[in-house]
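See below for structure_16.txt, which holds compact mmCIF, C-alpha atoms.
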```
# COMPACT_ATOMS: atom_id res chain seq x y z
CA MET A 10 -143.90 107.78 99.91
CA LYS A 11 -144.20 104.55 101.87
CA ILE A 12 -143.17 104.58 105.51
CA LEU A 13 -143.04 101.73 107.98
CA ILE A 14 -143.82 102.15 111.65
CA ALA A 15 -143.11 99.36 114.09
CA ASP A 16 -144.36 99.65 117.63
CA ASP A 17 -145.89 96.95 119.79
CA GLU A 18 -148.01 99.43 121.68
CA ALA A 19 -151.29 100.01 119.84
CA LEU A 20 -152.19 103.51 121.02
CA SER A 21 -148.84 105.10 120.14
CA ARG A 22 -148.76 103.18 116.86
CA ARG A 23 -152.19 104.39 115.82
CA LEU A 24 -151.41 107.98 116.79
CA LEU A 25 -148.20 107.97 114.79
CA GLU A 26 -149.89 106.24 111.87
CA LYS A 27 -152.55 108.93 111.71
CA ARG A 28 -150.04 111.75 111.99
CA LEU A 29 -147.92 110.42 109.16
CA ASP A 30 -150.99 109.68 107.09
CA ARG A 31 -151.96 113.35 107.45
CA ALA A 32 -148.47 114.36 106.44
CA GLY A 33 -149.06 112.53 103.14
CA TYR A 34 -147.20 109.29 103.73
CA GLU A 35 -148.42 105.86 102.75
CA VAL A 36 -148.18 104.19 106.16
CA ILE A 37 -147.56 100.52 106.89
CA ALA A 38 -147.93 99.79 110.60
CA VAL A 39 -146.69 96.59 112.25
CA GLU A 40 -146.46 95.46 115.84
CA ASN A 41 -143.14 93.69 116.16
CA GLY A 42 -139.62 93.59 114.81
CA LYS A 43 -140.08 90.41 112.83
CA GLN A 44 -142.95 91.87 110.85
CA ALA A 45 -140.93 95.05 110.38
CA LEU A 46 -138.06 93.07 108.90
CA GLU A 47 -140.42 91.22 106.57
CA GLN A 48 -141.83 94.50 105.28
CA LEU A 49 -138.39 96.02 104.79
CA CYS A 50 -137.18 92.99 102.85
CA LYS A 51 -140.11 92.96 100.44
CA PRO A 52 -139.38 94.06 96.90
CA ASN A 53 -140.81 97.58 96.62
CA GLY A 54 -141.20 97.63 100.40
CA PRO A 55 -140.99 100.84 102.41
CA ARG A 56 -137.64 102.62 102.41
CA LEU A 57 -138.36 104.87 105.36
CA ALA A 58 -138.88 103.29 108.76
CA LEU A 59 -139.63 104.39 112.31
CA LEU A 60 -138.72 101.54 114.63
CA ASP A 61 -139.46 101.37 118.31
CA TRP A 62 -136.40 100.28 120.24
CA ILE A 63 -138.10 97.80 122.56
CA MET A 64 -140.32 95.34 120.71
CA PRO A 65 -141.17 91.66 121.01
CA GLU A 66 -139.65 89.07 118.63
CA LEU A 67 -136.90 91.38 117.40
CA ASP A 68 -135.99 94.78 118.83
CA GLY A 69 -135.31 97.94 116.83
CA PRO A 70 -131.51 97.59 116.70
CA GLY A 71 -131.99 93.93 115.73
CA VAL A 72 -134.13 94.98 112.77
CA CYS A 73 -131.47 97.51 111.74
CA ARG A 74 -128.69 94.94 111.89
CA ALA A 75 -130.68 92.44 109.82
CA VAL A 76 -131.70 95.03 107.24
CA ARG A 77 -128.09 96.14 106.78
CA THR A 78 -127.09 92.63 105.72
CA ARG A 79 -129.28 92.93 102.63
CA THR A 80 -127.30 93.85 99.58
CA GLU A 81 -129.71 93.66 96.66
CA GLN A 82 -132.38 96.09 97.70
CA PRO A 83 -132.32 99.88 97.77
CA TYR A 84 -131.20 101.66 100.90
CA ALA A 85 -133.64 101.83 103.81
CA TYR A 86 -133.51 104.92 106.01
CA MET A 87 -134.28 103.81 109.56
CA VAL A 88 -135.01 105.93 112.60
CA LEU A 89 -135.02 104.35 116.06
CA LEU A 90 -137.53 105.57 118.63
CA THR A 91 -136.27 105.48 122.17
CA SER A 92 -137.53 106.74 125.48
CA LYS A 93 -134.23 106.96 127.30
CA GLY A 94 -131.86 108.78 125.04
CA SER A 95 -128.63 108.16 126.94
CA LYS A 96 -125.35 108.58 125.05
CA GLU A 97 -124.56 104.87 125.35
CA GLU A 98 -127.91 103.96 123.89
CA THR A 99 -127.50 106.37 121.02
CA VAL A 100 -124.17 104.81 120.14
CA VAL A 101 -125.57 101.27 120.27
CA GLY A 102 -128.50 102.34 118.08
CA LEU A 103 -126.39 104.02 115.43
CA GLU A 104 -123.84 101.20 115.45
CA SER A 105 -126.64 98.72 114.77
CA GLY A 106 -127.22 100.46 111.45
CA ALA A 107 -129.88 103.05 112.30
CA ASP A 108 -129.56 106.37 110.49
CA ASP A 109 -131.08 108.47 113.22
CA TYR A 110 -132.92 108.24 116.51
CA LEU A 111 -135.71 110.16 118.14
CA THR A 112 -136.37 110.41 121.83
CA LYS A 113 -139.97 109.89 122.89
CA PRO A 114 -142.21 111.74 123.34
CA PHE A 115 -141.24 113.60 120.22
CA ASN A 116 -142.42 116.81 118.76
CA ALA A 117 -144.40 116.60 115.51
CA GLU A 118 -142.32 119.25 113.77
CA GLU A 119 -139.08 117.54 114.68
CA LEU A 120 -140.38 114.21 113.45
CA ARG A 121 -141.30 115.66 110.08
CA ALA A 122 -138.00 117.48 109.74
CA ARG A 123 -136.05 114.32 110.47
CA LEU A 124 -138.10 112.34 107.98
CA ARG A 125 -137.33 114.97 105.37
CA VAL A 126 -133.64 114.35 106.01
CA GLY A 127 -134.30 110.68 105.30
CA GLU A 128 -136.13 111.50 102.10
CA ARG A 129 -133.19 113.59 100.92
CA ILE A 130 -130.83 110.67 101.46
CA LEU A 131 -133.17 108.33 99.55
CA LEU A 132 -133.48 110.82 96.71
CA LEU A 133 -129.71 111.02 96.54
CA GLU A 134 -129.53 107.23 96.27
CA ASP A 135 -132.17 107.20 93.53
CA ARG A 136 -130.15 109.69 91.53
CA LEU A 137 -126.98 107.67 91.90
CA VAL A 138 -128.73 104.47 90.88
CA GLU A 139 -130.25 106.19 87.88
CA ALA A 140 -126.85 107.52 86.81
CA ARG A 141 -125.31 104.08 87.22
CA GLU A 142 -128.09 102.45 85.19
CA ASN A 143 -127.60 105.00 82.42
CA MET A 144 -123.89 104.21 82.36
CA ARG A 145 -124.59 100.51 82.34
CA PHE A 146 -126.97 100.89 79.42
CA ARG A 147 -124.42 102.90 77.47
CA ALA A 148 -121.72 100.34 78.18
CA THR A 149 -123.80 97.44 76.91
CA HIS A 150 -125.83 98.96 74.08
CA ASP A 151 -125.11 100.20 70.62
CA GLN A 152 -125.53 103.94 70.50
CA LEU A 153 -127.17 104.08 67.07
CA THR A 154 -129.66 101.21 67.25
CA SER A 155 -129.97 100.75 71.05
CA LEU A 156 -129.50 97.03 70.46
CA LEU A 157 -127.01 95.14 72.62
CA ASN A 158 -123.51 95.95 71.49
CA ARG A 159 -121.03 93.33 70.37
CA GLY A 160 -119.51 92.75 73.81
CA ALA A 161 -122.87 92.41 75.52
CA VAL A 162 -124.39 90.12 72.90
CA MET A 163 -121.28 87.89 72.97
CA ASP A 164 -121.49 87.62 76.78
CA LEU A 165 -125.14 86.71 76.52
CA LEU A 166 -124.43 84.17 73.81
CA VAL A 167 -121.71 82.48 75.88
CA ARG A 168 -124.08 82.17 78.84
CA GLU A 169 -126.89 80.90 76.64
CA LEU A 170 -124.65 78.29 74.98
CA HIS A 171 -123.55 77.00 78.38
CA ARG A 172 -127.13 76.77 79.48
CA SER A 173 -128.41 74.98 76.42
CA HIS A 174 -125.50 72.52 76.61
CA ARG A 175 -126.27 71.86 80.28
CA GLU A 176 -129.99 71.44 79.63
CA LYS A 177 -129.37 69.46 76.44
CA LYS A 178 -131.27 72.04 74.40
CA SER A 179 -130.25 73.96 71.33
CA THR A 180 -129.54 77.63 70.78
CA ALA A 181 -129.82 78.93 67.25
CA ILE A 182 -127.23 81.54 66.28
CA LEU A 183 -128.18 83.76 63.36
CA LEU A 184 -125.67 86.09 61.78
CA GLY A 185 -127.32 88.46 59.32
CA ASP A 186 -125.89 91.00 56.94
CA VAL A 187 -127.75 93.70 55.02
CA ASP A 188 -127.37 93.05 51.30
CA HIS A 189 -125.70 95.82 49.29
CA PHE A 190 -125.64 98.12 52.27
CA LYS A 191 -122.64 99.96 50.90
CA ARG A 192 -124.77 101.09 47.96
CA VAL A 193 -127.24 102.71 50.34
CA ASN A 194 -124.47 104.71 51.97
CA ASP A 195 -122.88 105.60 48.64
CA THR A 196 -126.02 106.65 46.80
CA LEU A 197 -128.36 107.94 49.53
CA GLY A 198 -125.84 109.04 52.14
CA HIS A 199 -124.87 107.94 55.63
CA VAL A 200 -127.91 109.53 57.26
CA VAL A 201 -130.18 107.19 55.33
CA GLY A 202 -127.74 104.36 56.07
CA ASP A 203 -128.19 105.03 59.76
CA GLU A 204 -131.98 105.20 59.41
CA VAL A 205 -131.93 101.82 57.69
CA LEU A 206 -129.87 100.25 60.47
CA ILE A 207 -132.22 101.63 63.13
CA GLU A 208 -135.29 100.37 61.30
CA ILE A 209 -133.77 96.94 60.74
CA ALA A 210 -132.77 96.69 64.39
CA GLY A 211 -136.38 97.39 65.37
CA ARG A 212 -137.76 94.77 63.00
CA LEU A 213 -135.32 92.12 64.19
CA LEU A 214 -136.27 92.80 67.79
CA LYS A 215 -139.96 92.58 66.99
CA SER A 216 -139.53 89.31 65.15
CA VAL A 217 -138.08 87.40 68.12
CA ARG A 218 -139.49 86.29 71.47
CA SER A 219 -138.76 88.15 74.69
CA TYR A 220 -136.10 85.64 75.80
CA ASP A 221 -134.24 85.71 72.51
CA PHE A 222 -131.62 88.38 71.94
CA VAL A 223 -130.46 90.66 69.18
CA GLY A 224 -127.22 92.61 68.98
CA ARG A 225 -125.35 94.75 66.54
CA TYR A 226 -122.34 92.60 65.73
CA ARG A 227 -120.39 94.95 63.49
CA GLY A 228 -121.26 97.54 60.82
CA GLU A 229 -124.36 96.21 59.09
CA GLU A 230 -124.12 92.75 60.66
CA PHE A 231 -126.56 91.65 63.31
CA LEU A 232 -126.40 88.69 65.64
CA VAL A 233 -129.61 87.01 66.77
CA GLY A 234 -129.76 84.29 69.42
CA LEU A 235 -132.83 82.08 69.67
CA SER A 236 -132.79 80.49 73.10
CA ASN A 237 -134.02 76.95 73.53
CA CYS A 238 -134.93 76.64 69.87
CA ASN A 239 -136.17 73.30 68.56
CA PRO A 240 -133.69 72.40 65.75
CA SER A 241 -136.46 71.32 63.38
CA TYR A 242 -138.17 74.73 63.68
CA ALA A 243 -134.97 76.78 63.48
CA PRO A 244 -134.70 77.13 59.67
CA GLY A 245 -138.35 78.20 59.46
CA ARG A 246 -137.98 80.75 62.18
CA ALA A 247 -134.79 82.10 60.65
CA GLU A 248 -136.66 82.47 57.33
CA GLU A 249 -139.40 84.44 59.06
CA ILE A 250 -136.86 86.75 60.65
CA ARG A 251 -135.06 87.22 57.35
CA LYS A 252 -138.29 88.04 55.55
CA SER A 253 -139.41 90.50 58.22
CA ILE A 254 -136.81 92.84 56.71
CA SER A 255 -137.70 92.50 53.04
CA ASN A 256 -141.47 91.97 53.21
CA ARG A 257 -142.16 95.69 53.23
CA ALA A 258 -140.21 98.84 52.49
CA LEU A 259 -138.10 100.57 55.12
CA GLU A 260 -139.11 104.17 55.72
CA THR A 261 -136.26 106.61 55.24
CA GLY A 262 -135.91 110.37 54.87
CA LYS A 263 -135.41 109.85 51.16
CA GLY A 264 -138.47 107.70 50.67
CA PRO A 265 -139.26 104.02 51.12
CA LEU A 266 -136.50 101.55 50.43
CA ILE A 267 -136.68 97.78 49.95
CA LEU A 268 -133.66 95.98 51.29
CA THR A 269 -132.89 92.32 51.90
CA MET A 270 -130.68 90.44 54.32
CA SER A 271 -128.66 87.25 54.10
CA PHE A 272 -128.17 84.95 57.06
CA GLY A 273 -125.88 82.25 58.29
CA VAL A 274 -127.59 79.99 60.84
CA LEU A 275 -126.06 77.56 63.31
CA LEU A 276 -127.70 75.16 65.74
CA SER A 277 -125.54 74.72 68.82
CA SER A 278 -126.80 71.17 69.45
CA GLU A 279 -125.13 70.00 66.24
CA TRP A 280 -121.68 71.21 67.26
CA GLY A 281 -121.12 69.92 70.79
CA GLN A 282 -119.44 72.18 73.31
CA LYS A 283 -117.23 74.42 71.17
CA PRO A 284 -115.77 77.82 72.06
CA VAL A 285 -118.03 80.67 71.02
CA GLU A 286 -115.35 82.09 68.67
CA GLU A 287 -115.33 78.83 66.72
CA LEU A 288 -119.12 78.75 66.42
CA LEU A 289 -119.15 82.37 65.28
CA HIS A 290 -116.54 81.55 62.67
CA GLU A 291 -118.74 78.72 61.39
CA VAL A 292 -121.83 80.85 61.21
CA ASP A 293 -119.79 83.50 59.42
CA VAL A 294 -118.79 80.86 56.85
CA ALA A 295 -122.48 79.99 56.38
CA LEU A 296 -123.29 83.67 55.91
CA TYR A 297 -120.57 83.90 53.29
CA GLU A 298 -122.13 80.94 51.49
CA ALA A 299 -125.48 82.68 51.49
CA LYS A 300 -123.84 85.77 49.99
CA ALA A 301 -122.04 83.65 47.40
CA ALA A 302 -125.33 81.96 46.49
CA GLY A 303 -126.67 85.30 45.31
CA ARG A 304 -127.73 86.90 48.63
CA TYR A 305 -131.34 87.24 49.89
CA CYS A 306 -131.24 83.74 51.40
CA LEU A 307 -129.95 81.82 54.37
CA ARG A 308 -127.52 78.95 54.74
CA MET A 309 -127.23 76.52 57.60
CA ALA A 310 -123.79 75.87 59.06
CA GLN A 311 -123.10 72.17 58.38
CA PRO A 312 -120.71 70.38 60.73
CA GLY A 313 -119.67 67.98 57.94
CA ALA A 314 -119.00 70.68 55.34
CA LYS A 315 -116.65 72.50 57.65
CA VAL A 316 -113.29 71.67 56.05
CA GLU A 317 -113.82 72.81 52.48
CA ALA A 318 -115.79 75.88 53.42
CA SER A 319 -113.41 77.38 55.93
CA HIS A 320 -110.15 76.65 54.16
CA GLU A 321 -111.15 77.69 50.67
CA MET A 322 -111.47 81.34 51.50
CA ALA A 323 -111.51 83.07 54.87
CA PRO A 324 -114.73 85.05 55.28
CA GLN A 325 -112.80 88.13 56.39
CA ALA A 326 -111.09 88.23 53.02
CA VAL A 327 -114.33 88.35 51.07
CA ARG A 328 -116.22 90.70 53.35
CA ARG A 329 -115.56 93.64 51.06
CA ARG A 330 -117.47 92.00 48.24
CA ARG A 331 -120.72 92.26 50.09
CA MET B 17 -138.15 110.11 144.05
CA SER B 18 -137.70 113.47 142.40
CA GLU B 19 -139.14 112.02 139.21
CA LYS B 20 -142.27 111.03 140.99
CA GLU B 21 -142.57 114.33 142.79
CA GLN B 22 -142.20 116.13 139.50
CA GLY B 23 -144.93 113.93 138.14
CA LEU B 24 -147.27 114.78 140.97
CA SER B 25 -147.19 118.49 140.26
CA GLU B 26 -148.57 117.80 136.78
CA PRO B 27 -152.23 117.32 135.88
CA VAL B 28 -153.60 113.79 135.72
CA TRP B 29 -154.37 114.18 132.05
CA ASN B 30 -153.18 116.99 129.84
CA VAL B 31 -156.12 117.01 127.48
CA ASP B 32 -154.99 120.10 125.61
CA GLU B 33 -151.71 118.50 124.69
CA PHE B 34 -153.53 115.37 123.57
CA LEU B 35 -155.98 117.36 121.45
CA GLU B 36 -153.08 119.07 119.77
CA ARG B 37 -151.51 115.70 119.06
CA VAL B 38 -154.64 114.46 117.32
CA ASP B 39 -155.13 117.75 115.49
CA ASN B 40 -158.44 118.26 117.29
CA ASP B 41 -159.80 115.22 115.52
CA GLN B 42 -162.55 114.00 117.84
CA VAL B 43 -163.05 110.78 115.90
CA LEU B 44 -159.40 109.85 116.24
CA LEU B 45 -159.44 110.87 119.89
CA ARG B 46 -162.38 108.59 120.55
CA GLU B 47 -160.69 105.76 118.66
CA LEU B 48 -157.50 106.14 120.69
CA LEU B 49 -159.43 106.19 123.95
CA THR B 50 -161.16 102.97 122.90
CA ILE B 51 -157.79 101.34 122.22
CA PHE B 52 -156.61 102.57 125.60
CA LYS B 53 -159.61 101.24 127.47
CA GLU B 54 -158.99 97.84 125.95
CA ASP B 55 -155.23 97.63 126.24
CA PHE B 56 -154.63 99.38 129.53
CA PRO B 57 -156.61 97.10 131.89
CA ARG B 58 -155.28 94.02 130.13
CA THR B 59 -151.66 95.13 130.41
CA MET B 60 -152.20 96.19 134.02
CA GLN B 61 -153.52 92.76 134.84
CA SER B 62 -150.49 91.06 133.30
CA LEU B 63 -148.27 93.46 135.20
CA GLU B 64 -149.92 92.59 138.51
CA THR B 65 -149.32 88.91 137.80
CA ALA B 66 -145.69 89.62 136.94
CA VAL B 67 -145.15 91.66 140.09
CA THR B 68 -146.67 88.91 142.24
CA ALA B 69 -144.44 86.36 140.53
CA GLN B 70 -141.44 88.70 140.89
CA ASP B 71 -140.82 88.22 137.18
CA LEU B 72 -138.49 91.17 136.58
CA LYS B 73 -138.20 90.74 132.84
CA SER B 74 -141.97 90.80 132.30
CA CYS B 75 -142.33 93.68 134.78
CA ALA B 76 -139.86 95.77 132.79
CA ARG B 77 -141.48 94.97 129.46
CA LEU B 78 -145.05 95.55 130.61
CA SER B 79 -144.33 98.77 132.48
CA HIS B 80 -142.47 99.98 129.39
CA THR B 81 -145.55 99.31 127.28
CA LEU B 82 -147.74 101.10 129.80
CA LYS B 83 -145.36 104.03 129.88
CA GLY B 84 -145.62 104.28 126.10
CA MET B 85 -149.40 104.31 125.92
CA LEU B 86 -149.78 106.65 128.90
CA SER B 87 -147.25 109.03 127.47
CA SER B 88 -148.98 109.07 124.07
CA LEU B 89 -152.24 109.77 125.85
CA GLY B 90 -150.73 112.69 127.74
CA ALA B 91 -151.35 111.12 131.16
CA ILE B 92 -148.28 112.68 132.65
CA ARG B 93 -148.46 111.48 136.24
CA ALA B 94 -149.32 107.89 135.38
CA THR B 95 -146.48 107.93 132.82
CA ALA B 96 -144.07 108.90 135.57
CA ALA B 97 -145.38 106.09 137.79
CA ALA B 98 -144.95 103.53 134.99
CA ALA B 99 -141.45 104.85 134.24
CA LYS B 100 -140.54 104.41 137.89
CA LEU B 101 -141.76 100.82 137.87
CA GLU B 102 -139.80 100.11 134.71
CA ALA B 103 -136.63 101.57 136.21
CA LEU B 104 -137.03 99.51 139.38
CA SER B 105 -137.63 96.33 137.40
CA SER B 106 -134.58 96.91 135.24
CA ALA B 107 -132.47 97.63 138.32
CA GLY B 108 -133.70 94.41 139.91
CA GLU B 109 -135.23 96.14 142.92
CA THR B 110 -137.71 93.39 143.64
CA ALA B 111 -138.59 94.74 147.09
CA SER B 112 -139.93 98.06 145.78
CA LEU B 113 -142.08 96.66 142.96
CA LYS B 114 -145.27 96.25 144.96
CA SER B 115 -145.36 99.81 146.24
CA ALA B 116 -144.50 101.18 142.80
CA LEU B 117 -147.36 99.16 141.32
CA LYS B 118 -149.71 100.56 143.99
CA ALA B 119 -148.67 104.09 143.02
CA LEU B 120 -149.39 103.34 139.37
CA GLU B 121 -152.76 101.84 140.24
CA SER B 122 -153.75 104.88 142.22
CA GLU B 123 -152.78 107.14 139.29
CA ALA B 124 -154.89 104.98 137.02
CA LYS B 125 -157.82 105.33 139.40
CA SER B 126 -157.80 109.10 139.04
CA LEU B 127 -157.10 108.98 135.31
CA LEU B 128 -159.87 106.67 134.09
CA PRO B 129 -162.80 108.78 135.39
CA GLU B 130 -161.31 111.84 133.70
CA LEU B 131 -161.26 110.06 130.36
CA ASP B 132 -164.87 108.92 130.81
CA ALA B 133 -165.91 112.39 131.87
CA TYR B 134 -164.31 113.90 128.76
CA VAL B 135 -166.06 111.50 126.42
CA ALA B 136 -169.40 112.12 128.17
CA GLU B 137 -168.93 115.88 127.92
CA VAL B 138 -168.08 115.77 124.23
CA ARG B 139 -171.15 113.66 123.53
CA ARG B 140 -173.47 116.22 125.07
```

Write the structure described by the file as structure tokens, please.
Amino acid sequence: MKILIADDEALSRRLLEKRLDRAGYEVIAVENGKQALEQLCKPNGPRLALLDWIMPELDGPGVCRAVRTRTEQPYAYMVLLTSKGSKEETVVGLESGADDYLTKPFNAEELRARLRVGERILLLEDRLVEARENMRFRATHDQLTSLLNRGAVMDLLVRELHRSHREKKSTAILLGDVDHFKRVNDTLGHVVGDEVLIEIAGRLLKSVRSYDFVGRYRGEEFLVGLSNCNPSYAPGRAEEIRKSISNRALETGKGPLILTMSFGVLLSSEWGQKPVEELLHEVDVALYEAKAAGRYCLRMAQPGAKVEASHEMAPQAVRRRR
Amino acid sequence: MSEKEQGLSEPVWNVDEFLERVDNDQVLLRELLTIFKEDFPRTMQSLETAVTAQDLKSCARLSHTLKGMLSSLGAIRATAAAAKLEALSSAGETASLKSALKALESEAKSLLPELDAYVAEVRR
């Protein structure tokens, strides 16, 4: 574990450094408060610190106060080293944000015991952070496929659309549906249906770049966002993604299975700044057209063709025919 | 005064305590003594200048530094002398600074030969 020691006096610093090194710590030694603060603010910097009270540039309590204003980084456990140890001083030290204090000269056993207290606190924080991250993952990801869930992918899409509008770029929205998925469930069972969805999710993820995003939109429908996508390349890229599903069989517990997908594709730059619900409706219409054209294909959402397509038949009404 | 008297009953350098602190590591001990022999005279010199100039703030800071290094070294009596000087500086007792500095200097005079003697003995 990394530990920071800050002391302007070289002999004491070296002695402490060596002691902690022997105790198995990875020691970072600095000679003033400013350097201490820099170390403590580094990403992946030390989270345990022994700070001398009196130091040039910035004293120990000053370092503590500054460190406590950070909000992004993990907790730092800071111990002040003092030679006086009066009650007033102790109060000032703890009020500045220090977790503990040690009166010099200190006993080696006591030092180690107090550092172990600090490590316990840090471990506790790590566990809480891990639990929170697990909860966050569950709240934003689909349990079956581990893709972003509908809420999370919609949030991401909204942000991405704002950005591409601001930067005068285009985001491509792809809505894909597995062709004849109901047949898989009906003939091979829901376990195979789930396997298929997991496998498709993996292929979709692999077929996009790291800054694109893929989410499970509903049932067997997947939403793909291609950030900053050149409109002239979009149809080609959408084709590639579509074919990544059908170009080889999906492995299932009941043997290999060849399935296809149909896609509706929309380029945000062609639609101006529209609410995300409206754009999703349009891409849904395009997907319906692809289905109506015999499936295993994609259709681009056309701003001009809007009226006839959306009023003829609401996509929701025909969903069952897929 | 009692602090100083207490200090005087102690040895100039508690080498056993220091050895324990460095885990009987002679290499580390030598390294720390080298640091001391560099930093101590330099800090003492600055302190003398500060005392002459009656610069209380610098006196307090420098005697604090000296107290730290002497204490880490296990030089108990000199630590007490430096602590006294720091206390006087913080309390603004300008008149007593010179004599307190003299006391510290005299402790240093008995300490330095002991350190040299130890190093020489270990070498043999």

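All of the residues in chain B within 6 Å of chain A are Leu48, Met85 and Ser88 of chain B, where only C-alpha atoms were counted.
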
Show which residues sit within 7 Å of Leu275 of chain A, as a list in words. Count all atoms listed in the file, and ignore same-chain residues fewer than 6 positions away.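 My list of contacting residues is Ala181, Ile182, Leu183, Val292, Met309 and Ala310 of chain A.
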
Point-to-point distance in Å for atom CA of Gly273 of chain A and atom CA of Tyr297 of chain A: 7.5 Å

Find the residues around segment 68-83 of chain A up to 7 Å (all atoms listed in the file counted), leave out those fewer than 4 positions away in its own chain, and share them as a ChimeraX atom specification. /A:42,46,60-64,89,102,105-107

Would you export the selected residues with C-alpha atoms as a PDB file, in the frame of the given file, please?
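Final output, result25.pdb:
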```pdb
ATOM      1  CA  GLY A  42    -139.620  93.590 114.810  1.00  0.00           C
ATOM      2  CA  LEU A  46    -138.060  93.070 108.900  1.00  0.00           C
ATOM      3  CA  LEU A  60    -138.720 101.540 114.630  1.00  0.00           C
ATOM      4  CA  ASP A  61    -139.460 101.370 118.310  1.00  0.00           C
ATOM      5  CA  TRP A  62    -136.400 100.280 120.240  1.00  0.00           C
ATOM      6  CA  ILE A  63    -138.100  97.800 122.560  1.00  0.00           C
ATOM      7  CA  MET A  64    -140.320  95.340 120.710  1.00  0.00           C
ATOM      8  CA  LEU A  89    -135.020 104.350 116.060  1.00  0.00           C
ATOM      9  CA  GLY A 102    -128.500 102.340 118.080  1.00  0.00           C
ATOM     10  CA  SER A 105    -126.640  98.720 114.770  1.00  0.00           C
ATOM     11  CA  GLY A 106    -127.220 100.460 111.450  1.00  0.00           C
ATOM     12  CA  ALA A 107    -129.880 103.050 112.300  1.00  0.00           C
TER      13      ALA A 107
END
```

Calculate how many Å separate atom CA of Ile92 of chain B from atom CA of Leu127 of chain B, rounding to one decimal. 9.9 Å

Quick one: residues within 12 Å of Tyr220 of chain A, all atoms listed in the file, excluding same-chain residues fewer than 6 positions away - as a CSV table (one decimal) with C-alpha atoms, keeping the file's coordinate frame?
```
chain,number,residue,atom,x,y,z
A,165,LEU,CA,-125.1,86.7,76.5
A,166,LEU,CA,-124.4,84.2,73.8
A,169,GLU,CA,-126.9,80.9,76.6
A,180,THR,CA,-129.5,77.6,70.8
A,214,LEU,CA,-136.3,92.8,67.8
A,233,VAL,CA,-129.6,87.0,66.8
A,234,GLY,CA,-129.8,84.3,69.4
A,235,LEU,CA,-132.8,82.1,69.7
A,236,SER,CA,-132.8,80.5,73.1
A,237,ASN,CA,-134.0,77.0,73.5
A,238,CYS,CA,-134.9,76.6,69.9
```

The residues within 12 Å of (-158.1, 106.6, 121.7), using all atoms listed in the file and the coordinates of the file, should be reported as a PDB file with C-alpha atoms, in the coordinates of the input; which are they?
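Saved result, out.pdb, follows:
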```pdb
ATOM      1  CA  ALA A  19    -151.290 100.010 119.840  1.00  0.00           C
ATOM      2  CA  LEU A  20    -152.190 103.510 121.020  1.00  0.00           C
ATOM      3  CA  SER A  21    -148.840 105.100 120.140  1.00  0.00           C
ATOM      4  CA  ARG A  22    -148.760 103.180 116.860  1.00  0.00           C
ATOM      5  CA  ARG A  23    -152.190 104.390 115.820  1.00  0.00           C
ATOM      6  CA  LEU A  24    -151.410 107.980 116.790  1.00  0.00           C
ATOM      7  CA  LYS A  27    -152.550 108.930 111.710  1.00  0.00           C
TER       8      LYS A  27
ATOM      9  CA  PHE B  34    -153.530 115.370 123.570  1.00  0.00           C
ATOM     10  CA  LEU B  35    -155.980 117.360 121.450  1.00  0.00           C
ATOM     11  CA  ARG B  37    -151.510 115.700 119.060  1.00  0.00           C
ATOM     12  CA  VAL B  38    -154.640 114.460 117.320  1.00  0.00           C
ATOM     13  CA  ASP B  41    -159.800 115.220 115.520  1.00  0.00           C
ATOM     14  CA  GLN B  42    -162.550 114.000 117.840  1.00  0.00           C
ATOM     15  CA  VAL B  43    -163.050 110.780 115.900  1.00  0.00           C
ATOM     16  CA  LEU B  44    -159.400 109.850 116.240  1.00  0.00           C
ATOM     17  CA  LEU B  45    -159.440 110.870 119.890  1.00  0.00           C
ATOM     18  CA  ARG B  46    -162.380 108.590 120.550  1.00  0.00           C
ATOM     19  CA  GLU B  47    -160.690 105.760 118.660  1.00  0.00           C
ATOM     20  CA  LEU B  48    -157.500 106.140 120.690  1.00  0.00           C
ATOM     21  CA  LEU B  49    -159.430 106.190 123.950  1.00  0.00           C
ATOM     22  CA  THR B  50    -161.160 102.970 122.900  1.00  0.00           C
ATOM     23  CA  ILE B  51    -157.790 101.340 122.220  1.00  0.00           C
ATOM     24  CA  PHE B  52    -156.610 102.570 125.600  1.00  0.00           C
ATOM     25  CA  LYS B  53    -159.610 101.240 127.470  1.00  0.00           C
ATOM     26  CA  GLU B  54    -158.990  97.840 125.950  1.00  0.00           C
ATOM     27  CA  ASP B  55    -155.230  97.630 126.240  1.00  0.00           C
ATOM     28  CA  PHE B  56    -154.630  99.380 129.530  1.00  0.00           C
ATOM     29  CA  MET B  85    -149.400 104.310 125.920  1.00  0.00           C
ATOM     30  CA  LEU B  86    -149.780 106.650 128.900  1.00  0.00           C
ATOM     31  CA  SER B  88    -148.980 109.070 124.070  1.00  0.00           C
ATOM     32  CA  LEU B  89    -152.240 109.770 125.850  1.00  0.00           C
ATOM     33  CA  GLY B  90    -150.730 112.690 127.740  1.00  0.00           C
ATOM     34  CA  LEU B 131    -161.260 110.060 130.360  1.00  0.00           C
ATOM     35  CA  ASP B 132    -164.870 108.920 130.810  1.00  0.00           C
ATOM     36  CA  TYR B 134    -164.310 113.900 128.760  1.00  0.00           C
ATOM     37  CA  VAL B 135    -166.060 111.500 126.420  1.00  0.00           C
TER      38      VAL B 135
END
```

Can you tell me which residues surround Lys100 of chain B at a distance of at most 10 Å, considering all atoms listed in the file, apart from same-chain residues fewer than 5 positions away, and format the answer as a list in words? Met17, Glu19, Lys20, Ser79, His80, Lys83, Ala94, Thr95, Ser105, Ser106, Leu113, Ala116, Leu117, Ala119 and Leu120 of chain B
